[in-house]
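Undergrad: Following this line is final.txt, made up of compact mmCIF, N, CA and C atoms:
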# COMPACT_ATOMS: atom_id res chain seq x y z
N PHE Z 1 0.84 -1.17 0.00
CA PHE Z 1 0.00 0.00 0.00
C PHE Z 1 0.88 1.23 0.00
N ASP Z 2 0.53 2.21 -0.79
CA ASP Z 2 1.16 3.52 -0.72
C ASP Z 2 0.27 4.39 0.14
N ILE Z 3 0.86 5.06 1.09
CA ILE Z 3 0.10 5.88 2.02
C ILE Z 3 0.53 7.33 1.86
N LEU Z 4 -0.43 8.22 1.68
CA LEU Z 4 -0.17 9.65 1.59
C LEU Z 4 -0.95 10.35 2.69
N CYS Z 5 -0.26 11.21 3.41
CA CYS Z 5 -0.91 11.97 4.49
C CYS Z 5 -0.60 13.45 4.31
N ARG Z 6 -1.61 14.25 4.48
CA ARG Z 6 -1.41 15.70 4.45
C ARG Z 6 -1.48 16.18 5.91
N VAL Z 7 -0.40 16.78 6.37
CA VAL Z 7 -0.34 17.28 7.75
C VAL Z 7 0.08 18.75 7.71
N ASN Z 8 -0.17 19.41 8.79
CA ASN Z 8 0.27 20.80 8.90
C ASN Z 8 1.66 20.85 9.49
N GLY Z 9 2.54 21.61 8.82
CA GLY Z 9 3.89 21.80 9.32
C GLY Z 9 3.89 22.72 10.53
N ALA Z 10 5.07 22.97 11.06
CA ALA Z 10 5.21 23.82 12.25
C ALA Z 10 4.68 25.22 12.01
N ASP Z 11 4.81 25.69 10.76
CA ASP Z 11 4.33 27.04 10.45
C ASP Z 11 2.89 27.06 9.95
N GLY Z 12 2.23 25.91 9.97
CA GLY Z 12 0.83 25.83 9.58
C GLY Z 12 0.59 25.51 8.11
N THR Z 13 1.67 25.47 7.31
CA THR Z 13 1.49 25.15 5.89
C THR Z 13 1.34 23.63 5.73
N PRO Z 14 0.52 23.21 4.76
CA PRO Z 14 0.31 21.78 4.56
C PRO Z 14 1.58 21.10 4.02
N VAL Z 15 1.86 19.93 4.55
CA VAL Z 15 3.01 19.13 4.13
C VAL Z 15 2.48 17.75 3.75
N LEU Z 16 2.94 17.24 2.62
CA LEU Z 16 2.52 15.92 2.16
C LEU Z 16 3.58 14.90 2.55
N LYS Z 17 3.18 13.89 3.29
CA LYS Z 17 4.09 12.82 3.72
C LYS Z 17 3.65 11.54 3.03
N SER Z 18 4.62 10.71 2.67
CA SER Z 18 4.28 9.45 2.01
C SER Z 18 5.05 8.29 2.63
N GLY Z 19 4.52 7.11 2.42
CA GLY Z 19 5.17 5.91 2.92
C GLY Z 19 4.59 4.68 2.24
N LYS Z 20 5.19 3.55 2.53
CA LYS Z 20 4.73 2.28 1.98
C LYS Z 20 4.44 1.34 3.12
N LEU Z 21 3.46 0.50 2.92
CA LEU Z 21 3.11 -0.53 3.89
C LEU Z 21 3.02 -1.85 3.13
N LEU Z 22 3.87 -2.79 3.50
CA LEU Z 22 3.90 -4.10 2.84
C LEU Z 22 3.53 -5.18 3.84
N PHE Z 23 2.71 -6.10 3.40
CA PHE Z 23 2.40 -7.30 4.17
C PHE Z 23 2.92 -8.48 3.36
N VAL Z 24 3.82 -9.26 3.94
CA VAL Z 24 4.39 -10.41 3.26
C VAL Z 24 4.22 -11.62 4.17
N ASP Z 25 3.60 -12.64 3.65
CA ASP Z 25 3.42 -13.88 4.41
C ASP Z 25 4.57 -14.82 4.08
N LEU Z 26 5.47 -15.00 5.02
CA LEU Z 26 6.58 -15.93 4.84
C LEU Z 26 6.21 -17.24 5.53
N ALA Z 27 5.36 -17.99 4.89
CA ALA Z 27 4.77 -19.17 5.50
C ALA Z 27 5.79 -20.22 5.90
N GLY Z 28 6.96 -20.18 5.37
CA GLY Z 28 7.98 -21.16 5.72
C GLY Z 28 8.36 -21.98 4.53
N SER Z 29 9.47 -22.65 4.66
CA SER Z 29 9.95 -23.45 3.54
C SER Z 29 9.02 -24.63 3.32
N GLU Z 30 8.86 -24.97 2.08
CA GLU Z 30 8.01 -26.09 1.71
C GLU Z 30 8.88 -27.34 1.59
N ARG Z 31 8.48 -28.38 2.25
CA ARG Z 31 9.21 -29.64 2.16
C ARG Z 31 8.59 -30.46 1.04
N ILE Z 32 9.38 -30.67 0.00
CA ILE Z 32 8.87 -31.33 -1.20
C ILE Z 32 8.40 -32.75 -0.89
N LYS Z 33 9.14 -33.47 -0.07
CA LYS Z 33 8.75 -34.84 0.26
C LYS Z 33 7.42 -34.89 1.00
N GLU Z 34 7.23 -33.95 1.94
CA GLU Z 34 5.99 -33.95 2.74
C GLU Z 34 4.78 -33.50 1.95
N THR Z 35 5.00 -32.54 1.04
CA THR Z 35 3.85 -32.02 0.29
C THR Z 35 3.55 -32.83 -0.96
N GLY Z 36 4.52 -33.63 -1.40
CA GLY Z 36 4.32 -34.43 -2.60
C GLY Z 36 4.14 -33.57 -3.84
N SER Z 37 4.80 -32.43 -3.87
CA SER Z 37 4.67 -31.50 -5.00
C SER Z 37 5.18 -32.12 -6.29
N SER Z 38 4.49 -31.77 -7.39
CA SER Z 38 4.95 -32.18 -8.72
C SER Z 38 4.42 -31.16 -9.72
N GLY Z 39 5.02 -31.14 -10.89
CA GLY Z 39 4.58 -30.22 -11.95
C GLY Z 39 4.73 -28.77 -11.56
N GLU Z 40 3.68 -27.96 -11.82
CA GLU Z 40 3.70 -26.53 -11.50
C GLU Z 40 3.88 -26.28 -10.02
N SER Z 41 3.28 -27.13 -9.21
CA SER Z 41 3.39 -26.99 -7.76
C SER Z 41 4.84 -27.17 -7.30
N LEU Z 42 5.55 -28.09 -7.93
CA LEU Z 42 6.96 -28.32 -7.59
C LEU Z 42 7.80 -27.10 -7.95
N VAL Z 43 7.52 -26.51 -9.11
CA VAL Z 43 8.25 -25.30 -9.53
C VAL Z 43 7.98 -24.16 -8.54
N GLU Z 44 6.72 -23.99 -8.14
CA GLU Z 44 6.37 -22.95 -7.18
C GLU Z 44 7.05 -23.19 -5.83
N THR Z 45 7.07 -24.45 -5.39
CA THR Z 45 7.72 -24.80 -4.13
C THR Z 45 9.20 -24.45 -4.18
N ARG Z 46 9.85 -24.77 -5.28
CA ARG Z 46 11.28 -24.44 -5.42
C ARG Z 46 11.50 -22.94 -5.39
N ASN Z 47 10.61 -22.18 -6.04
CA ASN Z 47 10.73 -20.72 -6.04
C ASN Z 47 10.55 -20.15 -4.63
N ILE Z 48 9.60 -20.68 -3.89
CA ILE Z 48 9.39 -20.24 -2.50
C ILE Z 48 10.65 -20.50 -1.68
N ASN Z 49 11.19 -21.70 -1.81
CA ASN Z 49 12.39 -22.06 -1.04
C ASN Z 49 13.58 -21.18 -1.44
N LYS Z 50 13.73 -20.89 -2.73
CA LYS Z 50 14.83 -20.03 -3.18
C LYS Z 50 14.68 -18.63 -2.60
N SER Z 51 13.46 -18.11 -2.63
CA SER Z 51 13.22 -16.77 -2.09
C SER Z 51 13.50 -16.70 -0.59
N LEU Z 52 13.07 -17.72 0.15
CA LEU Z 52 13.31 -17.74 1.60
C LEU Z 52 14.79 -17.91 1.91
N LEU Z 53 15.50 -18.71 1.12
CA LEU Z 53 16.94 -18.88 1.30
C LEU Z 53 17.65 -17.55 1.06
N THR Z 54 17.27 -16.87 -0.01
CA THR Z 54 17.88 -15.57 -0.32
C THR Z 54 17.56 -14.55 0.76
N LEU Z 55 16.33 -14.53 1.23
CA LEU Z 55 15.98 -13.61 2.32
C LEU Z 55 16.81 -13.92 3.56
N GLY Z 56 17.02 -15.19 3.85
CA GLY Z 56 17.87 -15.58 4.97
C GLY Z 56 19.29 -15.05 4.82
N LYS Z 57 19.84 -15.13 3.59
CA LYS Z 57 21.19 -14.61 3.33
C LYS Z 57 21.23 -13.10 3.53
N VAL Z 58 20.20 -12.41 3.03
CA VAL Z 58 20.14 -10.95 3.17
C VAL Z 58 20.09 -10.57 4.65
N ILE Z 59 19.21 -11.22 5.40
CA ILE Z 59 19.07 -10.93 6.83
C ILE Z 59 20.38 -11.22 7.56
N SER Z 60 21.01 -12.34 7.24
CA SER Z 60 22.28 -12.71 7.88
C SER Z 60 23.36 -11.67 7.60
N ARG Z 61 23.48 -11.27 6.35
CA ARG Z 61 24.53 -10.30 5.99
C ARG Z 61 24.24 -8.91 6.55
N LEU Z 62 22.99 -8.51 6.59
CA LEU Z 62 22.66 -7.22 7.19
C LEU Z 62 22.93 -7.24 8.69
N GLY Z 63 22.66 -8.36 9.34
CA GLY Z 63 22.97 -8.49 10.76
C GLY Z 63 24.46 -8.43 11.01
N LYS Z 64 25.21 -9.11 10.14
CA LYS Z 64 26.67 -9.09 10.26
C LYS Z 64 27.20 -7.68 10.02
N ALA Z 65 26.62 -6.98 9.04
CA ALA Z 65 27.04 -5.60 8.75
C ALA Z 65 26.78 -4.68 9.94
N ALA Z 66 25.66 -4.90 10.63
CA ALA Z 66 25.33 -4.08 11.80
C ALA Z 66 26.38 -4.26 12.89
N LYS Z 67 26.83 -5.49 13.08
CA LYS Z 67 27.88 -5.74 14.09
C LYS Z 67 29.20 -5.10 13.65
N MET Z 68 29.51 -5.17 12.36
CA MET Z 68 30.76 -4.62 11.85
C MET Z 68 30.81 -3.10 11.95
N ARG Z 69 29.66 -2.44 11.88
CA ARG Z 69 29.63 -0.98 11.99
C ARG Z 69 30.18 -0.48 13.32
N HIS Z 70 30.09 -1.31 14.32
CA HIS Z 70 30.56 -0.93 15.65
C HIS Z 70 32.03 -1.27 15.87
N GLN Z 71 32.69 -1.79 14.83
CA GLN Z 71 34.11 -2.15 14.92
C GLN Z 71 34.87 -1.41 13.82
N PRO Z 72 35.55 -0.32 14.15
CA PRO Z 72 36.22 0.50 13.14
C PRO Z 72 37.21 -0.28 12.28
N GLU Z 73 37.84 -1.30 12.83
CA GLU Z 73 38.82 -2.07 12.06
C GLU Z 73 38.16 -2.91 10.97
N GLN Z 74 36.84 -3.01 10.99
CA GLN Z 74 36.10 -3.79 10.00
C GLN Z 74 35.56 -2.93 8.85
N ALA Z 75 35.94 -1.66 8.80
CA ALA Z 75 35.38 -0.74 7.81
C ALA Z 75 35.62 -1.21 6.37
N GLN Z 76 36.82 -1.70 6.07
CA GLN Z 76 37.12 -2.15 4.71
C GLN Z 76 36.28 -3.37 4.33
N ALA Z 77 36.18 -4.33 5.23
CA ALA Z 77 35.38 -5.53 4.97
C ALA Z 77 33.91 -5.16 4.79
N LEU Z 78 33.44 -4.20 5.56
CA LEU Z 78 32.05 -3.76 5.47
C LEU Z 78 31.77 -3.12 4.11
N SER Z 79 32.69 -2.31 3.62
CA SER Z 79 32.47 -1.65 2.33
C SER Z 79 32.50 -2.65 1.17
N ASN Z 80 33.14 -3.80 1.35
CA ASN Z 80 33.20 -4.82 0.29
C ASN Z 80 32.09 -5.86 0.41
N MET Z 81 31.27 -5.78 1.44
CA MET Z 81 30.23 -6.78 1.66
C MET Z 81 29.11 -6.65 0.63
N HIS Z 82 28.76 -7.77 0.02
CA HIS Z 82 27.67 -7.79 -0.97
C HIS Z 82 26.40 -8.30 -0.30
N ILE Z 83 25.31 -7.56 -0.43
CA ILE Z 83 24.00 -7.98 0.07
C ILE Z 83 23.19 -8.41 -1.16
N PRO Z 84 22.78 -9.68 -1.25
CA PRO Z 84 22.16 -10.21 -2.47
C PRO Z 84 20.67 -9.86 -2.65
N PHE Z 85 20.34 -8.58 -2.60
CA PHE Z 85 18.95 -8.16 -2.75
C PHE Z 85 18.35 -8.57 -4.09
N ARG Z 86 19.14 -8.57 -5.14
CA ARG Z 86 18.62 -8.82 -6.49
C ARG Z 86 18.54 -10.30 -6.85
N ASP Z 87 18.81 -11.18 -5.91
CA ASP Z 87 18.84 -12.61 -6.20
C ASP Z 87 17.46 -13.26 -6.18
N SER Z 88 16.43 -12.56 -5.72
CA SER Z 88 15.07 -13.11 -5.77
C SER Z 88 14.07 -11.95 -5.83
N VAL Z 89 12.89 -12.26 -6.33
CA VAL Z 89 11.83 -11.25 -6.43
C VAL Z 89 11.46 -10.74 -5.03
N LEU Z 90 11.37 -11.65 -4.07
CA LEU Z 90 10.99 -11.28 -2.70
C LEU Z 90 11.96 -10.26 -2.12
N THR Z 91 13.26 -10.50 -2.24
CA THR Z 91 14.23 -9.58 -1.65
C THR Z 91 14.30 -8.26 -2.42
N LYS Z 92 14.00 -8.30 -3.72
CA LYS Z 92 13.91 -7.05 -4.49
C LYS Z 92 12.77 -6.20 -3.95
N LEU Z 93 11.62 -6.84 -3.68
CA LEU Z 93 10.46 -6.12 -3.16
C LEU Z 93 10.72 -5.55 -1.77
N LEU Z 94 11.46 -6.29 -0.96
CA LEU Z 94 11.69 -5.88 0.43
C LEU Z 94 12.94 -5.02 0.63
N MET Z 95 13.72 -4.81 -0.43
CA MET Z 95 15.00 -4.12 -0.30
C MET Z 95 14.87 -2.78 0.44
N HIS Z 96 13.90 -1.97 0.07
CA HIS Z 96 13.77 -0.65 0.71
C HIS Z 96 13.36 -0.76 2.18
N CYS Z 97 12.83 -1.91 2.59
CA CYS Z 97 12.45 -2.10 4.00
C CYS Z 97 13.66 -2.25 4.91
N PHE Z 98 14.78 -2.63 4.33
CA PHE Z 98 15.99 -2.88 5.12
C PHE Z 98 17.00 -1.75 5.04
N GLN Z 99 16.65 -0.67 4.37
CA GLN Z 99 17.61 0.41 4.17
C GLN Z 99 17.02 1.74 4.56
N GLY Z 100 17.90 2.72 4.75
CA GLY Z 100 17.46 4.08 5.02
C GLY Z 100 16.72 4.23 6.33
N ASP Z 101 15.65 4.99 6.30
CA ASP Z 101 14.91 5.26 7.53
C ASP Z 101 13.65 4.40 7.63
N ALA Z 102 13.70 3.22 7.02
CA ALA Z 102 12.55 2.31 7.06
C ALA Z 102 12.39 1.67 8.43
N HIS Z 103 11.18 1.29 8.72
CA HIS Z 103 10.88 0.53 9.93
C HIS Z 103 10.24 -0.78 9.49
N ALA Z 104 10.75 -1.88 9.99
CA ALA Z 104 10.22 -3.19 9.61
C ALA Z 104 9.74 -3.91 10.87
N LEU Z 105 8.70 -4.66 10.71
CA LEU Z 105 8.15 -5.45 11.81
C LEU Z 105 8.00 -6.89 11.32
N MET Z 106 8.50 -7.81 12.09
CA MET Z 106 8.39 -9.22 11.73
C MET Z 106 7.60 -9.92 12.82
N ILE Z 107 6.55 -10.59 12.42
CA ILE Z 107 5.73 -11.36 13.36
C ILE Z 107 5.98 -12.83 13.07
N CYS Z 108 6.40 -13.56 14.07
CA CYS Z 108 6.70 -14.99 13.90
C CYS Z 108 5.65 -15.83 14.61
N CYS Z 109 5.26 -16.87 13.94
CA CYS Z 109 4.32 -17.82 14.54
C CYS Z 109 5.09 -19.06 14.96
N ALA Z 110 4.97 -19.41 16.22
CA ALA Z 110 5.67 -20.58 16.75
C ALA Z 110 4.63 -21.52 17.35
N SER Z 111 4.93 -22.80 17.27
CA SER Z 111 4.00 -23.80 17.78
C SER Z 111 4.55 -24.45 19.05
N PRO Z 112 3.71 -24.68 20.05
CA PRO Z 112 4.17 -25.36 21.26
C PRO Z 112 4.27 -26.88 21.06
N SER Z 113 3.82 -27.37 19.91
CA SER Z 113 3.82 -28.81 19.66
C SER Z 113 5.25 -29.33 19.44
N SER Z 114 5.55 -30.47 20.06
CA SER Z 114 6.88 -31.07 19.86
C SER Z 114 7.04 -31.54 18.42
N ARG Z 115 5.95 -31.78 17.74
CA ARG Z 115 5.99 -32.19 16.33
C ARG Z 115 6.54 -31.07 15.45
N CYS Z 116 6.41 -29.83 15.89
CA CYS Z 116 6.85 -28.67 15.12
C CYS Z 116 8.11 -28.03 15.69
N LEU Z 117 8.81 -28.75 16.56
CA LEU Z 117 9.97 -28.18 17.25
C LEU Z 117 11.02 -27.65 16.29
N GLU Z 118 11.38 -28.42 15.28
CA GLU Z 118 12.42 -28.00 14.34
C GLU Z 118 12.02 -26.71 13.62
N ASP Z 119 10.79 -26.65 13.11
CA ASP Z 119 10.32 -25.46 12.42
C ASP Z 119 10.26 -24.25 13.35
N THR Z 120 9.83 -24.47 14.59
CA THR Z 120 9.75 -23.38 15.55
C THR Z 120 11.14 -22.82 15.86
N LEU Z 121 12.11 -23.70 16.06
CA LEU Z 121 13.48 -23.25 16.34
C LEU Z 121 14.07 -22.48 15.15
N LEU Z 122 13.83 -22.97 13.94
CA LEU Z 122 14.31 -22.26 12.75
C LEU Z 122 13.67 -20.88 12.63
N THR Z 123 12.39 -20.80 12.91
CA THR Z 123 11.67 -19.53 12.86
C THR Z 123 12.25 -18.55 13.89
N LEU Z 124 12.50 -19.03 15.09
CA LEU Z 124 13.04 -18.16 16.14
C LEU Z 124 14.47 -17.70 15.81
N ARG Z 125 15.27 -18.58 15.21
CA ARG Z 125 16.63 -18.17 14.79
C ARG Z 125 16.56 -17.11 13.69
N TYR Z 126 15.64 -17.28 12.78
CA TYR Z 126 15.42 -16.33 11.69
C TYR Z 126 15.07 -14.96 12.28
N ALA Z 127 14.15 -14.97 13.24
CA ALA Z 127 13.74 -13.72 13.89
C ALA Z 127 14.88 -13.09 14.68
N GLN Z 128 15.68 -13.92 15.33
CA GLN Z 128 16.84 -13.41 16.08
C GLN Z 128 17.80 -12.69 15.15
N GLN Z 129 18.07 -13.28 13.99
CA GLN Z 129 18.95 -12.61 13.02
C GLN Z 129 18.32 -11.32 12.54
N ALA Z 130 17.05 -11.34 12.25
CA ALA Z 130 16.36 -10.14 11.75
C ALA Z 130 16.39 -9.01 12.78
N SER Z 131 16.33 -9.36 14.04
CA SER Z 131 16.31 -8.33 15.09
C SER Z 131 17.65 -7.61 15.22
N SER Z 132 18.71 -8.17 14.66
CA SER Z 132 20.03 -7.53 14.77
C SER Z 132 20.28 -6.52 13.65
N ILE Z 133 19.36 -6.40 12.71
CA ILE Z 133 19.55 -5.47 11.59
C ILE Z 133 19.35 -4.04 12.06
N GLU Z 134 20.24 -3.15 11.61
CA GLU Z 134 20.12 -1.72 11.91
C GLU Z 134 20.05 -0.97 10.59
N THR Z 135 19.09 -0.07 10.46
CA THR Z 135 19.01 0.78 9.27
C THR Z 135 19.65 2.12 9.61
N ASN Z 136 19.97 2.86 8.56
CA ASN Z 136 20.64 4.17 8.76
C ASN Z 136 19.68 5.20 9.27
Can the structure in the file be given as C-alpha cells, please?

TA:
Amino acid sequence: FDILCRVNGADGTPVLKSGKLLFVDLAGSERIKETGSSGESLVETRNINKSLLTLGKVISRLGKAAKMRHQPEQAQALSNMHIPFRDSVLTKLLMHCFQGDAHALMICCASPSSRCLEDTLLTLRYAQQASSIETN
C-alpha cells in the first residue's frame, strides 16, 4: 500500500508525507517430500524455497554488517560486503524495507507442539537474526 498523508507543518502550511506498507506472508519453507509436490506446484515450491533462502542470506549479511559498523577495524570488509537483494523477487520487493529510515516489523508464529519443534526453532533463529539489523 502507498500511504499519503497531508499534515500541517510547524508554520501551519500543509506538508505531504508518504510511505509504503507491505504485508508479506513468509509461511515457511516447503518440504517437497511432505507435500508431494509435482509439476507446476513443484516449480512454485522451489521458487518459495529459493526466495526464503535468499531472504535468509540478506538478513544474515545485514545483521553481520550491523555488528561490523561498531568495529572501526572492519570498515574495509564492510564496504566490500555484498548484500544479495537482487537474487530473488521477494528480496527485491523488500529491499527498501531494510535500508534508510525504514521501519520493519516481523511477526513470527511458533507452535508449542513437539511435532513442530524444528520449524519453531528455525523460525526463532530467523527472527533473532532479523532483530540484529540496523538501518541508517

Undergrad: Which residues are near Z:Thr54? Cut-off 8 Å, only N, CA and C atoms, ignore same chain within fewer than 6 positions. Put them as a PDB file with N, CA and C atoms, in the frame of the given file.

TA:
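Below is the file part_5.pdb, written as the result:
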ATOM      1  N   ILE Z  48       9.600 -20.680  -3.890  1.00  0.00           N
ATOM      2  CA  ILE Z  48       9.390 -20.240  -2.500  1.00  0.00           C
ATOM      3  C   ILE Z  48      10.650 -20.500  -1.680  1.00  0.00           C
ATOM      4  N   SER Z  60      21.010 -12.340   7.240  1.00  0.00           N
ATOM      5  CA  SER Z  60      22.280 -12.710   7.880  1.00  0.00           C
ATOM      6  C   SER Z  60      23.360 -11.670   7.600  1.00  0.00           C
ATOM      7  N   PRO Z  84      22.780  -9.680  -1.250  1.00  0.00           N
ATOM      8  CA  PRO Z  84      22.160 -10.210  -2.470  1.00  0.00           C
ATOM      9  C   PRO Z  84      20.670  -9.860  -2.650  1.00  0.00           C
ATOM     10  N   PHE Z  85      20.340  -8.580  -2.600  1.00  0.00           N
ATOM     11  CA  PHE Z  85      18.950  -8.160  -2.750  1.00  0.00           C
ATOM     12  C   PHE Z  85      18.350  -8.570  -4.090  1.00  0.00           C
ATOM     13  N   ASP Z  87      18.810 -11.180  -5.910  1.00  0.00           N
ATOM     14  CA  ASP Z  87      18.840 -12.610  -6.200  1.00  0.00           C
ATOM     15  C   ASP Z  87      17.460 -13.260  -6.180  1.00  0.00           C
ATOM     16  N   SER Z  88      16.430 -12.560  -5.720  1.00  0.00           N
ATOM     17  CA  SER Z  88      15.070 -13.110  -5.770  1.00  0.00           C
ATOM     18  C   SER Z  88      14.070 -11.950  -5.830  1.00  0.00           C
ATOM     19  N   LEU Z  90      11.370 -11.650  -4.070  1.00  0.00           N
ATOM     20  CA  LEU Z  90      10.990 -11.280  -2.700  1.00  0.00           C
ATOM     21  C   LEU Z  90      11.960 -10.260  -2.120  1.00  0.00           C
ATOM     22  N   THR Z  91      13.260 -10.500  -2.240  1.00  0.00           N
ATOM     23  CA  THR Z  91      14.230  -9.580  -1.650  1.00  0.00           C
ATOM     24  C   THR Z  91      14.300  -8.260  -2.420  1.00  0.00           C
TER      25      THR Z  91
END

Undergrad: In Å, with one decimal, what is the gap from atom CA of Z:Lys17 to atom CA of Z:Gly100?

TA: 16.0 Å

Undergrad: Using all atoms listed in the file, determine which residues lie at most 6 Å from Z:Ala130, disregarding the query and same-chain residues fewer than 4 positions distant; provide the list as a PyMOL selection string.

TA: chain Z and resi 59+125-126

Undergrad: Taking into account only C-alpha atoms, which residue in the set Z:Cys5, Z:Pro14, Z:Ile83, Z:Thr123 is nearest to Z:Leu52?

TA: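 The answer is Z:Thr123, which sits nearest to Z:Leu52.
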
Undergrad: List every residue of stretch 1-133 of chain Z that DSSP, applied to the backbone of this structure, assigns to alpha helix (DSSP H), and report them as a PyMOL selection string.

TA: chain Z and resi 32-35+40-69+75-79+89-94+117-131
